[in-house]
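Novice: Sharing a structure below in structure tokens format, with a few things to ask.
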Amino acid sequence: MKLFKYYQQHFQSNLPSCTDIGLLQLDSKVIKNKLQPTPKEFNDKIEVLVPKVNKQRADQAKEWLHDSITLLRKDVNNVEEFVVQQGHLI
């Protein structure tokens, strides 16, 4: 995200609107206007997606942990039941 912010600032401050190339003058306003918002758009999308993905992963981990604890609380009476119980945790 820092890289996108850097590029946004870089495009805004360092990309000239017009450049002289010998006898020609290159007008880069159009490309500057297209490039400048791109890092901001990606940064905004990332800032929205990262919390959602983190919450989904945390919920999945919580569910697995809850299921594992429930499974471990079951009594086992022999080695076969223990192996089956441990196999479900992996």
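Order determines the names: the first chain of the structure tokens is A, the second B, and so forth; residues in each chain are numbered 1 upward, and ligands are numbered 1 upward as they are shown.
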Quick one: which range 13-43 of chain A residues come within 12 Å of range 48-57 of chain A, and what is the nearest atom pair for each with the distance in Å to one decimal, counting only C-alpha atoms, rows ordered by chain and ascending number, as a tab-separated table?
Specialist:
```
residue	atom	partner	partner_atom	distance
A:Glu41	CA	A:Val48	CA	10.9
A:Phe42	CA	A:Val48	CA	9.9
A:Asn43	CA	A:Val48	CA	8.7
```
Novice: Take the residues from that selection and put them in a file with N, CA and C atoms, as a JSON list (two decimals), in the first residue's frame.
Specialist:
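Here's the written file result28.json:
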```json
[["chain", "number", "residue", "atom", "x", "y", "z"],
["A", 41, "GLU", "N", -6.80, 4.21, -6.83],
["A", 41, "GLU", "CA", -7.90, 3.26, -6.96],
["A", 41, "GLU", "C", -7.51, 1.91, -6.36],
["A", 42, "PHE", "N", -6.30, 1.44, -6.69],
["A", 42, "PHE", "CA", -5.84, 0.16, -6.16],
["A", 42, "PHE", "C", -5.70, 0.23, -4.64],
["A", 43, "ASN", "N", -5.16, 1.32, -4.15],
["A", 43, "ASN", "CA", -4.99, 1.48, -2.71],
["A", 43, "ASN", "C", -6.34, 1.47, -2.00]]
```
Novice: Would you return as a PyMOL selection string the members of range 19-90 of chain A that DSSP assigns to strand (DSSP E or B) on this structure's backbone?
Specialist: chain A and resi 19-21+24-27
Novice: Considering only C-alpha atoms, return as a list in words whatever protein or nucleic-acid residues lie within 12 Å of Gly87 in chain A, sequence-local ones (same chain, fewer than 3 positions apart) excluded.
Specialist: Ser68, Leu71, Leu72, Glu80, Glu81, Phe82, Val83, Val84 and Ile90 of chain A
Novice: Figure out the distance between CA of Ala58 in chain A and CA of Lys2 in chain A, please, to one decimal in Å.
Specialist: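 Pair CA of Lys2 in chain A / CA of Ala58 in chain A returns 24.4 Å.
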Novice: Give me, as a VMD selection string, the residues of range 18-87 of chain A that a backbone DSSP run labels helix (DSSP H, G or I).
Specialist: chain A and resid 29 to 35 37 to 73 79 to 87
Novice: Using only C-alpha atoms, which residues sit within 9 Å of Pro16 in chain A once same-chain residues fewer than 3 positions away are excluded, as a list in words?
Specialist: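 Contacts, in chain order: Phe11, Gln12, Ser13, Thr19, Asp27, Ser28, Lys29 and Lys32 of chain A.
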Novice: What's the 12 Å shell around Ile69 in chain A, counting only C-alpha atoms, without same-chain residues fewer than 3 positions away, as a list in words?
Specialist: Lys62, Glu63, Trp64, Leu65, His66, Leu72, Arg73, Lys74, Gln85, Gln86, His88 and Leu89 of chain A
Novice: Can you work out the spacing between CA of Ser17 in chain A and CA of Lys40 in chain A in Å, to one decimal?
Specialist: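 According to the coordinates, CA of Ser17 in chain A and CA of Lys40 in chain A are separated by 19.5 Å.
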Novice: Please build the interface table for range 43-76 of chain A against range 3-6 of chain A with a cut-off of 12 Å, listing for each qualifying residue the nearest atom pair and the distance in Å to one decimal; count only C-alpha atoms, order rows by chain and increasing number, and write it as JSON lines.
Specialist:
```
{"residue": "A:Asn43", "atom": "CA", "partner": "A:Phe4", "partner_atom": "CA", "distance": 6.2}
{"residue": "A:Asp44", "atom": "CA", "partner": "A:Phe4", "partner_atom": "CA", "distance": 9.9}
{"residue": "A:Lys45", "atom": "CA", "partner": "A:Phe4", "partner_atom": "CA", "distance": 11.3}
{"residue": "A:Ile46", "atom": "CA", "partner": "A:Phe4", "partner_atom": "CA", "distance": 10.1}
{"residue": "A:Glu47", "atom": "CA", "partner": "A:Phe4", "partner_atom": "CA", "distance": 11.5}
```
Novice: Could you please determine the separation between CA of Val30 in chain A and CA of Leu15 in chain A in Å, to one decimal place?
Specialist: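 We find that CA of Val30 in chain A and CA of Leu15 in chain A lie 11.3 Å from each other.
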